[in-house]
file input-v1.txt (compact mmCIF, C-alpha atoms)
# COMPACT_ATOMS: atom_id res chain seq x y z
CA MET A 259 101.51 75.23 122.81
CA LEU A 260 99.98 74.91 119.34
CA PRO A 261 96.31 73.95 118.89
CA GLU A 262 95.82 70.17 118.72
CA ALA A 263 93.48 70.37 115.72
CA PHE A 264 96.10 72.40 113.86
CA LEU A 265 98.85 69.87 114.64
CA GLU A 266 96.70 66.94 113.50
CA ARG A 267 95.94 68.62 110.22
CA MET A 268 99.61 69.55 109.64
CA LYS A 269 100.65 65.97 110.31
CA ALA A 270 98.27 64.75 107.63
CA GLN A 271 99.25 67.60 105.30
CA LEU A 272 103.04 67.11 105.55
CA GLY A 273 103.46 63.40 106.13
CA ALA A 274 107.17 62.50 106.41
CA GLU A 275 108.13 66.21 106.61
CA TYR A 276 106.04 66.83 109.73
CA GLY A 277 108.96 66.33 112.13
CA ASP A 278 111.16 68.77 110.21
CA PHE A 279 108.32 71.29 110.24
CA LEU A 280 107.93 71.07 114.03
CA SER A 281 111.69 71.39 114.53
CA SER A 282 111.79 74.53 112.38
CA LEU A 283 109.31 76.21 114.71
CA GLU A 284 111.79 75.82 117.59
CA ARG A 285 114.69 77.58 115.90
CA PRO A 286 115.29 81.35 116.27
CA ARG A 287 113.37 83.51 113.85
CA ALA A 288 115.20 84.94 110.81
CA VAL A 289 114.64 88.70 110.56
CA ALA A 290 114.96 90.76 107.38
CA LEU A 291 114.71 94.22 105.91
CA ARG A 292 114.19 95.53 102.40
CA TYR A 293 116.08 98.50 100.98
CA ASN A 294 114.13 101.25 99.27
CA PRO A 295 115.32 101.97 95.68
CA LEU A 296 113.42 105.28 95.76
CA LYS A 297 116.02 106.64 98.23
CA GLY A 298 119.04 105.91 96.02
CA GLU A 299 122.04 103.72 96.70
CA ARG A 300 122.15 101.27 99.59
CA PRO A 301 124.22 102.30 102.63
CA ALA A 302 126.78 99.96 104.16
CA LEU A 303 125.29 98.88 107.50
CA PRO A 304 127.19 96.60 109.92
CA PHE A 305 124.07 94.66 111.01
CA VAL A 306 123.00 93.66 107.47
CA GLY A 307 123.97 90.17 106.33
CA GLN A 308 123.01 87.65 103.63
CA PRO A 309 120.57 88.51 100.80
CA VAL A 310 117.02 87.18 100.68
CA PRO A 311 117.13 84.92 97.57
CA TRP A 312 113.79 85.96 96.05
CA GLU A 313 113.99 89.74 96.57
CA PRO A 314 116.97 91.73 95.17
CA GLU A 315 116.51 94.48 97.78
CA GLY A 316 115.95 92.07 100.71
CA PHE A 317 118.58 91.17 103.31
CA TYR A 318 118.64 89.31 106.60
CA TYR A 319 119.98 91.25 109.55
CA ASP A 320 121.47 90.52 112.94
CA PRO A 321 118.56 89.72 115.31
CA GLU A 322 120.43 91.49 118.12
CA ALA A 323 120.39 94.76 116.17
CA ARG A 324 117.57 97.31 116.44
CA PRO A 325 117.41 98.82 112.94
CA GLY A 326 114.01 100.37 113.67
CA LEU A 327 115.80 102.91 115.88
CA HIS A 328 118.38 103.92 113.25
CA VAL A 329 118.03 107.31 111.57
CA TYR A 330 117.97 105.57 108.18
CA HIS A 331 114.71 103.89 109.17
CA GLU A 332 113.21 107.32 109.85
CA ALA A 333 114.51 108.45 106.45
CA GLY A 334 112.75 105.57 104.65
CA VAL A 335 115.99 103.94 103.51
CA TYR A 336 114.63 100.49 104.40
CA TYR A 337 111.50 98.72 105.57
CA LEU A 338 111.54 95.95 108.18
CA GLN A 339 109.74 93.04 106.53
CA GLU A 340 109.61 89.31 107.13
CA ALA A 341 111.50 87.51 104.34
CA SER A 342 108.70 85.19 103.18
CA ALA A 343 106.32 88.17 103.06
CA MET A 344 108.51 89.56 100.25
CA ALA A 345 107.65 86.58 98.01
CA PRO A 346 104.16 87.58 96.71
CA VAL A 347 105.44 90.84 95.18
CA ALA A 348 108.36 88.96 93.63
CA LEU A 349 105.74 86.71 91.97
CA LEU A 350 103.57 89.71 91.02
CA ASP A 351 106.60 91.30 89.28
CA PRO A 352 105.23 94.88 88.88
CA GLN A 353 106.95 97.07 86.29
CA PRO A 354 107.58 100.84 86.02
CA GLY A 355 104.76 102.60 84.19
CA GLU A 356 102.06 100.01 84.95
CA ARG A 357 98.79 100.37 86.82
CA VAL A 358 98.99 98.25 89.97
CA CYS A 359 96.56 97.68 92.87
CA ASP A 360 97.32 96.32 96.35
CA LEU A 361 93.82 95.61 97.60
CA CYS A 362 94.58 94.69 101.27
CA ALA A 363 97.61 96.88 101.76
CA ALA A 364 98.15 97.80 105.45
CA PRO A 365 100.58 98.24 107.07
CA GLY A 366 102.41 98.78 103.78
CA GLY A 367 105.21 96.23 103.46
CA LYS A 368 104.08 94.79 100.14
CA THR A 369 102.79 98.15 98.86
CA THR A 370 106.15 99.86 99.40
CA GLN A 371 107.87 96.83 97.86
CA ILE A 372 105.67 97.25 94.77
CA ALA A 373 106.43 100.98 94.75
CA GLY A 374 110.17 100.30 94.84
CA ARG A 375 109.88 98.11 91.76
CA MET A 376 107.78 100.72 89.94
CA LEU A 377 110.49 103.36 90.57
CA GLY A 378 107.93 106.14 90.93
CA ARG A 379 106.47 105.59 87.44
CA GLY A 380 102.91 104.48 86.74
CA PHE A 381 99.93 104.39 89.09
CA LEU A 382 99.67 102.47 92.38
CA LEU A 383 96.38 102.13 94.26
CA CYS A 384 96.80 100.82 97.80
CA ASN A 385 93.65 100.15 99.79
CA GLU A 386 92.86 99.20 103.38
CA ILE A 387 89.31 98.65 104.65
CA ASN A 388 90.19 99.28 108.32
CA PRO A 389 90.41 103.07 108.97
CA LYS A 390 93.11 102.88 111.67
CA ARG A 391 95.28 100.55 109.60
CA ALA A 392 94.72 102.76 106.54
CA LYS A 393 96.32 105.67 108.44
CA ILE A 394 99.36 103.51 109.24
CA LEU A 395 99.55 102.56 105.56
CA SER A 396 99.47 106.23 104.55
CA ARG A 397 102.28 107.09 106.99
CA ASN A 398 104.47 104.31 105.60
CA ILE A 399 103.81 105.46 102.04
CA GLU A 400 105.07 108.89 103.11
CA ARG A 401 108.13 107.56 104.98
CA MET A 402 109.17 105.43 102.01
CA ALA A 403 108.97 108.42 99.62
CA VAL A 404 106.35 106.90 97.31
CA PRO A 405 105.15 109.64 94.90
CA ASN A 406 102.65 107.77 92.70
CA ALA A 407 100.30 106.10 95.21
CA LEU A 408 96.62 106.69 95.88
CA VAL A 409 95.76 105.51 99.42
CA THR A 410 92.09 104.61 99.93
CA ASN A 411 89.96 103.33 102.81
CA GLU A 412 87.24 101.46 100.92
CA HIS A 413 85.48 98.12 100.66
CA PRO A 414 87.09 96.13 97.82
CA GLU A 415 83.76 95.84 95.99
CA THR A 416 83.44 99.64 95.91
CA LEU A 417 86.75 99.87 94.07
CA ALA A 418 85.77 97.00 91.77
CA GLN A 419 82.64 98.86 90.71
CA ARG A 420 84.57 102.11 90.12
CA PHE A 421 87.63 100.74 88.29
CA PRO A 422 86.69 97.58 86.33
CA GLY A 423 89.48 96.28 84.10
CA PHE A 424 91.76 99.20 85.04
CA PHE A 425 94.84 97.44 86.45
CA ASP A 426 97.69 95.51 84.88
CA ARG A 427 98.42 93.70 88.15
CA VAL A 428 96.44 93.22 91.36
CA LEU A 429 97.72 91.82 94.65
CA VAL A 430 95.37 90.32 97.22
CA ASP A 431 97.37 89.63 100.38
CA ALA A 432 94.25 88.45 102.13
CA PRO A 433 93.37 88.57 105.84
CA CYS A 434 93.80 85.01 107.06
CA SER A 435 94.05 82.75 110.11
CA GLY A 436 97.79 83.53 110.33
CA GLU A 437 99.11 79.99 110.91
CA GLY A 438 102.39 80.94 109.22
CA MET A 439 102.91 83.56 111.94
CA PHE A 440 102.52 81.18 114.93
CA ARG A 441 106.24 81.40 115.72
CA LYS A 442 106.27 85.18 115.30
CA GLU A 443 103.04 86.27 117.00
CA GLU A 444 101.53 84.64 120.08
CA ALA A 445 98.17 86.26 119.32
CA ALA A 446 97.97 84.23 116.10
CA VAL A 447 97.99 81.05 118.21
CA THR A 448 95.47 82.19 120.82
CA ASP A 449 93.06 83.55 118.17
CA TRP A 450 93.14 80.39 116.02
CA SER A 451 90.21 78.02 115.67
CA GLU A 452 88.74 75.84 112.93
CA GLU A 453 85.81 78.27 112.83
CA THR A 454 88.26 81.14 112.19
CA VAL A 455 89.74 79.24 109.24
CA ALA A 456 86.28 78.73 107.73
CA MET A 457 85.34 82.37 108.31
CA CYS A 458 88.56 83.59 106.68
CA ALA A 459 88.00 81.34 103.65
CA ARG A 460 84.55 82.86 103.09
CA ARG A 461 85.91 86.41 103.38
CA GLN A 462 88.81 85.63 101.05
CA GLY A 463 86.38 84.40 98.40
CA GLU A 464 84.52 87.73 98.55
CA ILE A 465 87.73 89.76 98.25
CA LEU A 466 88.95 87.66 95.31
CA SER A 467 85.64 88.15 93.53
CA SER A 468 86.09 91.94 93.79
CA ALA A 469 89.75 91.72 92.74
CA ALA A 470 88.81 89.80 89.58
CA LYS A 471 86.86 92.80 88.29
CA LEU A 472 89.84 95.14 88.74
CA VAL A 473 92.21 93.19 86.47
CA ARG A 474 92.40 94.12 82.78
CA PRO A 475 92.28 91.39 80.12
CA GLY A 476 95.78 89.92 79.93
CA GLY A 477 96.60 91.22 83.42
CA TYR A 478 97.70 89.33 86.51
CA LEU A 479 96.21 88.59 89.91
CA VAL A 480 98.40 87.30 92.74
CA TYR A 481 96.64 85.88 95.79
CA SER A 482 98.63 85.33 98.98
CA THR A 483 98.17 84.41 102.64
CA CYS A 484 100.40 83.73 105.64
CA THR A 485 98.58 80.52 106.56
CA PHE A 486 99.00 76.78 105.91
CA ALA A 487 95.26 76.00 105.83
CA PRO A 488 94.28 74.39 102.49
CA ALA A 489 90.77 75.85 102.79
CA GLU A 490 92.29 79.35 102.68
CA ASP A 491 94.99 78.52 100.15
CA GLU A 492 94.54 75.91 97.40
CA GLY A 493 90.83 75.63 98.24
CA ALA A 494 90.29 79.36 97.84
CA VAL A 495 92.12 79.39 94.50
CA SER A 496 90.19 76.36 93.17
CA ALA A 497 86.86 77.90 94.14
CA PHE A 498 87.87 81.18 92.50
CA LEU A 499 88.93 79.52 89.23
CA GLU A 500 85.69 77.56 89.09
CA ALA A 501 83.68 80.78 89.53
CA HIS A 502 85.92 82.81 87.18
CA PRO A 503 86.78 80.82 84.04
CA GLU A 504 88.31 83.98 82.54
CA PHE A 505 91.33 83.36 84.80
CA THR A 506 93.95 80.63 84.35
CA PRO A 507 96.92 79.58 86.51
CA GLU A 508 100.18 81.19 85.40
CA PRO A 509 103.36 79.20 86.14
CA VAL A 510 106.39 81.38 86.82
CA GLU A 511 110.01 80.59 87.55
CA ALA A 512 110.32 80.44 91.34
CA PRO A 513 113.02 77.90 92.29
CA TRP A 514 113.03 78.85 95.99
CA PHE A 515 109.39 77.88 96.60
CA THR A 516 107.47 74.61 96.60
CA PRO A 517 105.10 74.57 93.59
CA GLY A 518 101.53 73.30 93.98
CA GLU A 519 98.33 73.10 91.98
CA ASN A 520 96.71 75.96 90.04
CA GLY A 521 99.77 78.21 89.81
CA SER A 522 100.34 78.15 93.56
CA TYR A 523 103.53 78.22 95.63
CA ARG A 524 104.21 77.47 99.29
CA MET A 525 106.96 78.80 101.51
CA TRP A 526 107.63 76.27 104.28
CA PRO A 527 109.67 77.33 107.34
CA HIS A 528 111.56 74.03 107.30
CA LYS A 529 112.72 74.63 103.71
CA LEU A 530 113.86 78.26 103.79
CA LEU A 531 114.81 81.11 106.11
CA GLY A 532 111.39 82.60 106.71
CA GLU A 533 107.88 81.99 108.00
CA GLY A 534 105.02 80.21 106.29
CA HIS A 535 103.45 81.81 103.23
CA PHE A 536 101.26 80.84 100.27
CA ALA A 537 100.80 82.54 96.89
CA ALA A 538 99.16 81.83 93.55
CA VAL A 539 99.68 83.59 90.22
CA LEU A 540 96.62 83.86 87.96
CA ARG A 541 96.21 85.50 84.54
CA LYS A 542 93.03 87.01 83.14
CA THR A 543 92.53 85.69 79.61
CA GLY A 544 89.01 87.01 78.94
CA GLY A 545 86.73 89.95 79.63
CA GLU A 546 86.80 93.57 78.48
CA ALA A 547 88.41 96.72 79.84
CA GLU A 548 86.16 99.72 80.39
CA ASN A 549 87.09 103.34 79.73
CA ILE A 550 87.72 104.82 83.20
CA PRO A 551 87.74 108.64 83.37
CA LEU A 552 90.90 110.19 84.79
CA GLU A 553 91.13 112.97 87.35
CA THR A 554 91.59 116.44 85.88
CA GLY A 555 94.72 118.27 86.97
CA GLU A 556 94.89 121.87 88.18
CA LYS A 557 97.30 124.74 87.60
CA LEU A 558 100.22 124.96 90.00
CA PRO A 559 99.90 128.13 92.14
CA LYS A 560 102.49 130.88 91.95
CA GLN A 561 103.49 130.31 95.60
CA TRP A 562 104.66 126.78 94.71
CA THR A 563 106.32 127.94 91.48
CA SER A 564 108.34 130.55 93.36
CA PHE A 565 109.32 128.10 96.13
CA ALA A 566 110.32 125.38 93.63
CA LYS A 567 112.38 127.81 91.55
CA GLU A 568 114.23 129.10 94.61
CA LEU A 569 115.20 125.57 95.69
CA GLY A 570 115.66 124.12 92.20
CA ILE A 571 112.94 121.48 92.58
CA SER A 572 111.73 119.66 89.47
CA LEU A 573 108.72 117.35 89.65
CA ALA A 574 108.33 114.13 87.69
CA ALA A 575 105.42 113.66 85.25
CA GLY A 576 102.08 114.16 87.02
CA LYS A 577 99.30 116.64 87.70
CA ALA A 578 98.51 119.10 90.46
CA MET A 579 95.41 118.75 92.62
CA CYS A 580 94.15 120.34 95.80
CA PHE A 581 93.37 117.86 98.57
CA GLY A 582 91.86 119.52 101.60
CA GLN A 583 94.31 122.25 102.57
CA SER A 584 97.22 120.52 100.82
CA LEU A 585 98.62 120.82 97.33
CA CYS A 586 99.47 117.38 95.93
CA TRP A 587 101.25 116.09 92.86
CA ALA A 588 99.23 113.13 91.58
CA PRO A 589 100.24 110.45 89.06
CA GLU A 590 99.19 111.16 85.48
CA GLU A 591 96.90 108.13 85.37
CA LEU A 592 95.08 108.91 88.62
CA PRO A 593 91.41 108.05 87.94
CA ASP A 594 88.43 110.08 89.09
CA ILE A 595 88.42 109.79 92.92
CA ARG A 596 85.27 111.76 93.75
CA LYS A 597 83.17 110.24 96.58
CA LEU A 598 85.93 107.80 97.54
CA LYS A 599 87.52 107.76 101.00
CA VAL A 600 91.00 108.98 100.11
CA LEU A 601 93.87 109.48 102.56
CA ARG A 602 96.57 110.42 100.05
CA PRO A 603 96.21 111.09 96.27
CA GLY A 604 99.91 111.16 95.43
CA LEU A 605 102.88 113.18 96.68
CA GLU A 606 101.93 115.90 99.17
CA LEU A 607 103.85 119.06 98.21
CA GLY A 608 102.68 121.33 101.02
CA THR A 609 100.27 124.11 101.92
CA VAL A 610 99.62 127.27 99.92
CA LYS A 611 99.50 130.37 102.12
CA LYS A 612 98.54 133.88 101.03
CA ASP A 613 102.09 135.02 100.38
CA ARG A 614 104.22 131.89 100.74
CA PHE A 615 104.45 128.11 100.45
CA GLU A 616 104.87 125.76 103.44
CA PRO A 617 106.50 122.50 102.22
CA ALA A 618 105.27 119.11 103.42
CA HIS A 619 107.35 116.42 105.13
CA ALA A 620 106.41 114.03 102.31
CA LEU A 621 108.12 116.31 99.78
CA VAL A 622 111.42 116.43 101.62
CA LEU A 623 111.53 112.64 101.97
CA TRP A 624 110.98 112.32 98.21
CA LEU A 625 113.73 114.84 97.39
CA LYS A 626 117.35 113.73 97.12
CA GLU A 627 118.86 117.10 96.15
CA CYS A 628 117.90 120.76 96.03
CA ALA A 629 119.65 124.14 95.95
CA ASN A 630 119.86 124.38 99.76
CA VAL A 631 121.14 121.31 101.61
CA GLN A 632 122.45 120.85 105.14
CA ASP A 633 124.30 117.56 105.62
CA TYR A 634 124.98 115.96 108.99
CA GLY A 635 126.54 112.60 109.75
CA PRO A 636 123.97 109.86 110.50
CA ASP A 637 125.44 109.37 113.98
CA SER A 638 126.23 113.03 114.66
CA GLU A 639 125.07 115.00 117.67
CA GLU A 640 123.44 117.47 115.27
CA ILE A 641 121.18 114.85 113.70
CA LYS A 642 120.25 113.49 117.14
CA ALA A 643 119.32 117.01 118.24
CA TYR A 644 117.38 117.56 115.00
CA LEU A 645 115.30 114.40 115.53
CA HIS A 646 114.51 115.67 119.03
CA GLY A 647 113.12 118.85 117.50
CA GLU A 648 115.96 121.12 118.61
CA VAL A 649 117.58 124.06 116.82
CA VAL A 650 120.83 122.97 115.12
CA PRO A 651 123.86 124.95 113.85
CA SER A 652 124.03 125.84 110.14
CA ASN A 653 125.23 128.64 107.89
CA VAL A 654 122.36 128.05 105.43
CA LYS A 655 119.74 130.76 104.89
CA GLY A 656 116.12 130.01 104.02
CA TRP A 657 114.44 126.64 103.52
CA CYS A 658 116.84 123.72 103.24
CA LEU A 659 116.80 119.97 102.94
CA VAL A 660 118.34 118.32 106.04
CA ARG A 661 120.16 115.08 105.25
CA ALA A 662 121.47 112.32 107.50
CA GLY A 663 124.37 110.93 105.53
CA LEU A 664 123.12 110.72 101.94
CA TYR A 665 119.44 110.66 102.81
CA SER A 666 116.88 113.43 103.27
CA ILE A 667 115.21 113.39 106.69
CA GLY A 668 113.34 116.72 107.05
CA TRP A 669 113.11 120.46 106.49
CA GLY A 670 114.98 123.23 108.24
CA LYS A 671 114.83 127.01 107.81
CA GLY A 672 118.06 128.86 108.45
CA ASP A 673 119.09 132.41 109.34
CA GLY A 674 122.79 131.87 108.56
CA LYS A 675 123.63 130.69 112.09
CA VAL A 676 121.07 128.04 113.07
CA LEU A 677 118.24 126.06 111.52
CA LYS A 678 114.72 126.39 112.81
CA ASN A 679 113.50 122.81 113.15
CA HIS A 680 110.61 121.70 110.91
CA TYR A 681 110.79 117.99 111.71
CA PRO A 682 107.15 116.90 112.39
CA LYS A 683 106.31 116.99 116.09
CA GLY A 684 104.60 113.62 115.94
CA LEU A 685 107.82 111.96 114.74
CA ARG A 686 110.24 113.59 117.18
CA ARG A 687 112.13 111.35 119.56

call {"tool": "encode", "arguments": {"input": "input-v1.txt", "output": "structure tokens"}}
result
Amino acid sequence: MLPEAFLERMKAQLGAEYGDFLSSLERPRAVALRYNPLKGERPALPFVGQPVPWEPEGFYYDPEARPGLHVYHEAGVYYLQEASAMAPVALLDPQPGERVCDLCAAPGGKTTQIAGRMLGRGFLLCNEINPKRAKILSRNIERMAVPNALVTNEHPETLAQRFPGFFDRVLVDAPCSGEGMFRKEEAAVTDWSEETVAMCARRQGEILSSAAKLVRPGGYLVYSTCTFAPAEDEGAVSAFLEAHPEFTPEPVEAPWFTPGENGSYRMWPHKLLGEGHFAAVLRKTGGEAENIPLETGEKLPKQWTSFAKELGISLAAGKAMCFGQSLCWAPEELPDIRKLKVLRPGLELGTVKKDRFEPAHALVLWLKECANVQDYGPDSEEIKAYLHGEVVPSNVKGWCLVRAGLYSIGWGKGDGKVLKNHYPKGLRR
């Protein structure tokens, strides 16, 4: 049962298409996943079907399948993501080597989609204001083998004050009333009210105001929601443009979506295989970029150097930094992060001990090859036992990369007969 006030507004909003819209909400939901280019070539999976038209790595899958339980999900080979939710990043169009910010990033679907398009090059800041959701975001960044991301838990205005004019592209996938998710999430229906719509619109205006400061002159801002409410969509964009004349709407080629005013696009569930979504593409034509100081790198310790040489590990361009008890490899353009709430400053390499190096789970997920590799079939008894935390047979000695099929899944340490299991206890099945 949908709220009466919502239905009345949708009837006025859609006119002759209202009946088709209601009928679309009765059909089974289309489910999709997005492959991760950072993990290499796509595997052939029997439950994967037709491509998502607006995302080259997106595919619909059999709704009877449970791909979240497959070992390839654990390995970060794909991310389960609603098809329409892939559209804002397609419109953002991030490129390798750029500076990109996802300002409202949890749980990480759009952030990891951005990361896949950046191919590990450039600098990605992903932020989440809610501490619990920020931890989920950080875990997904690790699972999807993203090496160049800074994960923060800050208010957007704090970041705007620290990094004005720093980013080539900024995504604001704003918290909203969630009308586009009514078919997917019952809580979205029960939590809805006209007061919630108004409250969300006010909050969205504040977030957009912060985001505007982050964009460099000539850069792009994409604003998106998963709601149909004009106050949160076209209304929010119009108010923003009136307050920020340095931004102009930027039309882009998007034949799958319904174009609207001020560079906006709508994804209607009765016109495509997906839920409701809204996005607008805006370009900053004025303003000045400030000189933001970058973080200073540190010297890599001898324990890491010895470990990396033994396993033949080569790092991409970046800089070393200590983060708590961990050694991390940060992107070259990582700015000064002092006094910020940081969960992850790049790729975690591991922990430096007095006489040795203990590698991190994040490192093994990022690796595709090294000098010591133990391969098991993705459906093998060995890989099932490994994911349970058990000792598994192997003739490898020393640290080795354990792979399920073609994809790294965790560390093992062998004595020539078996591997001691180093799969994280919190992930074991």

call {"tool": "closest_residue", "arguments": {"input": "input-v1.txt", "among": "A:Lys599, A:Lys671, A:Lys297, A:Arg686", "to": "Asn388 (chain A)", "atoms": "all atoms listed in the file"}}
result
A:Lys599

call {"tool": "closest_residue", "arguments": {"input": "input-v1.txt", "among": "A:Pro527, A:Gly518, A:Gly476, A:Gly436", "to": "Tyr276 (chain A)", "atoms": "all atoms listed in the file"}}
result
A:Pro527

call {"tool": "atom_distance", "arguments": {"input": "input-v1.txt", "atom1": "CA of Ala469 (chain A)", "atom2": "CA of Thr483 (chain A)"}}
result
14.9 Å

call {"tool": "closest_residue", "arguments": {"input": "input-v1.txt", "among": "A:Leu540, A:Ala446, A:Leu466, A:Leu659", "to": "Asp431 (chain A)", "atoms": "all atoms listed in the file"}}
result
A:Leu466

call {"tool": "residues_around", "arguments": {"input": "input-v1.txt", "residues": "Thr416 (chain A)", "least_positions_apart": "5", "cutoff": "10 Å", "atoms": "only C-alpha atoms", "output": "MDAnalysis selection string"}}
result
chainID A and resid 421 468 598

call {"tool": "residues_around", "arguments": {"input": "input-v1.txt", "residues": "region 353-355 of chain A", "least_positions_apart": "3", "cutoff": "7 Å", "atoms": "only C-alpha atoms", "output": "ChimeraX atom specification"}}
result
/A:375-377,379-380

call {"tool": "residues_around", "arguments": {"input": "input-v1.txt", "residues": "region 528-531 of chain A", "least_positions_apart": "4", "cutoff": "8 Å", "atoms": "all atoms listed in the file", "output": "ChimeraX atom specification"}}
result
/A:278-279,281-282,288,341-342,514

call {"tool": "closest_residue", "arguments": {"input": "input-v1.txt", "among": "A:Phe581, A:Tyr644, A:Phe565, A:Trp526", "to": "Leu677 (chain A)", "atoms": "only C-alpha atoms"}}
result
A:Tyr644

call {"tool": "residues_around", "arguments": {"input": "input-v1.txt", "residues": "region 299-312 of chain A", "least_positions_apart": "3", "cutoff": "10 Å", "atoms": "all atoms listed in the file", "output": "short mmCIF file (atom, residue, chain, number, x, y, z; two decimals) with C-alpha atoms, keeping the file's coordinate frame"}}
result
data_model
loop_
_atom_site.label_atom_id
_atom_site.label_comp_id
_atom_site.auth_asym_id
_atom_site.auth_seq_id
_atom_site.Cartn_x
_atom_site.Cartn_y
_atom_site.Cartn_z
CA ALA A 290 114.96 90.76 107.38
CA LEU A 291 114.71 94.22 105.91
CA ARG A 292 114.19 95.53 102.40
CA TYR A 293 116.08 98.50 100.98
CA ASN A 294 114.13 101.25 99.27
CA PRO A 295 115.32 101.97 95.68
CA LEU A 296 113.42 105.28 95.76
CA GLU A 315 116.51 94.48 97.78
CA GLY A 316 115.95 92.07 100.71
CA PHE A 317 118.58 91.17 103.31
CA TYR A 318 118.64 89.31 106.60
CA TYR A 319 119.98 91.25 109.55
CA ASP A 320 121.47 90.52 112.94
CA PRO A 321 118.56 89.72 115.31
CA GLU A 322 120.43 91.49 118.12
CA ALA A 323 120.39 94.76 116.17
CA ARG A 324 117.57 97.31 116.44
CA PRO A 325 117.41 98.82 112.94
CA TYR A 330 117.97 105.57 108.18
CA VAL A 335 115.99 103.94 103.51
CA TYR A 336 114.63 100.49 104.40
CA ALA A 341 111.50 87.51 104.34
CA SER A 342 108.70 85.19 103.18
CA MET A 344 108.51 89.56 100.25
CA ALA A 345 107.65 86.58 98.01
CA PRO A 346 104.16 87.58 96.71
CA VAL A 347 105.44 90.84 95.18
CA ALA A 348 108.36 88.96 93.63
CA LEU A 349 105.74 86.71 91.97
CA ALA A 512 110.32 80.44 91.34
CA PRO A 513 113.02 77.90 92.29
CA TRP A 514 113.03 78.85 95.99
CA PHE A 515 109.39 77.88 96.60
CA LEU A 530 113.86 78.26 103.79
CA LEU A 531 114.81 81.11 106.11
CA GLY A 532 111.39 82.60 106.71
CA GLY A 663 124.37 110.93 105.53
CA LEU A 664 123.12 110.72 101.94
CA TYR A 665 119.44 110.66 102.81
#

call {"tool": "decode", "arguments": {"input": "input-v1.txt", "residues": "region 615-630 of chain A", "atoms": "N, CA and C atoms", "output": "mmCIF file, in the first residue's frame"}}
result
data_model
loop_
_atom_site.group_PDB
_atom_site.id
_atom_site.type_symbol
_atom_site.label_atom_id
_atom_site.label_comp_id
_atom_site.auth_asym_id
_atom_site.auth_seq_id
_atom_site.Cartn_x
_atom_site.Cartn_y
_atom_site.Cartn_z
ATOM 1 N N PHE A 615 57.502 -8.986 8.268
ATOM 2 C CA PHE A 615 56.366 -8.210 7.772
ATOM 3 C C PHE A 615 55.137 -9.100 7.704
ATOM 4 N N GLU A 616 54.026 -8.645 8.293
ATOM 5 C CA GLU A 616 52.758 -9.391 8.247
ATOM 6 C C GLU A 616 51.852 -8.730 7.211
ATOM 7 N N PRO A 617 51.586 -9.387 6.066
ATOM 8 C CA PRO A 617 50.812 -8.745 5.000
ATOM 9 C C PRO A 617 49.329 -8.625 5.344
ATOM 10 N N ALA A 618 48.699 -7.581 4.816
ATOM 11 C CA ALA A 618 47.285 -7.311 5.061
ATOM 12 C C ALA A 618 46.406 -8.032 4.041
ATOM 13 N N HIS A 619 45.150 -8.264 4.423
ATOM 14 C CA HIS A 619 44.185 -8.872 3.512
ATOM 15 C C HIS A 619 43.953 -7.976 2.301
ATOM 16 N N ALA A 620 43.966 -6.656 2.515
ATOM 17 C CA ALA A 620 43.758 -5.720 1.404
ATOM 18 C C ALA A 620 44.815 -5.908 0.317
ATOM 19 N N LEU A 621 46.045 -6.170 0.724
ATOM 20 C CA LEU A 621 47.125 -6.350 -0.256
ATOM 21 C C LEU A 621 46.899 -7.562 -1.124
ATOM 22 N N VAL A 622 46.481 -8.670 -0.529
ATOM 23 C CA VAL A 622 46.313 -9.891 -1.321
ATOM 24 C C VAL A 622 45.153 -9.760 -2.298
ATOM 25 N N LEU A 623 44.108 -9.027 -1.910
ATOM 26 C CA LEU A 623 42.992 -8.827 -2.836
ATOM 27 C C LEU A 623 43.399 -7.956 -4.021
ATOM 28 N N TRP A 624 44.336 -7.027 -3.782
ATOM 29 C CA TRP A 624 44.823 -6.161 -4.865
ATOM 30 C C TRP A 624 45.748 -6.928 -5.810
ATOM 31 N N LEU A 625 46.520 -7.870 -5.274
ATOM 32 C CA LEU A 625 47.462 -8.621 -6.103
ATOM 33 C C LEU A 625 46.736 -9.568 -7.064
ATOM 34 N N LYS A 626 47.316 -9.737 -8.240
ATOM 35 C CA LYS A 626 46.834 -10.757 -9.172
ATOM 36 C C LYS A 626 47.844 -11.894 -9.290
ATOM 37 N N GLU A 627 49.125 -11.546 -9.175
ATOM 38 C CA GLU A 627 50.212 -12.519 -9.294
ATOM 39 C C GLU A 627 51.270 -12.215 -8.240
ATOM 40 N N CYS A 628 52.043 -13.234 -7.880
ATOM 41 C CA CYS A 628 53.273 -13.036 -7.119
ATOM 42 C C CYS A 628 54.107 -14.313 -7.277
ATOM 43 N N ALA A 629 55.269 -14.353 -6.657
ATOM 44 C CA ALA A 629 56.174 -15.489 -6.858
ATOM 45 C C ALA A 629 55.625 -16.789 -6.294
ATOM 46 N N ASN A 630 54.832 -16.721 -5.231
ATOM 47 C CA ASN A 630 54.234 -17.903 -4.613
ATOM 48 C C ASN A 630 52.724 -17.853 -4.738
#
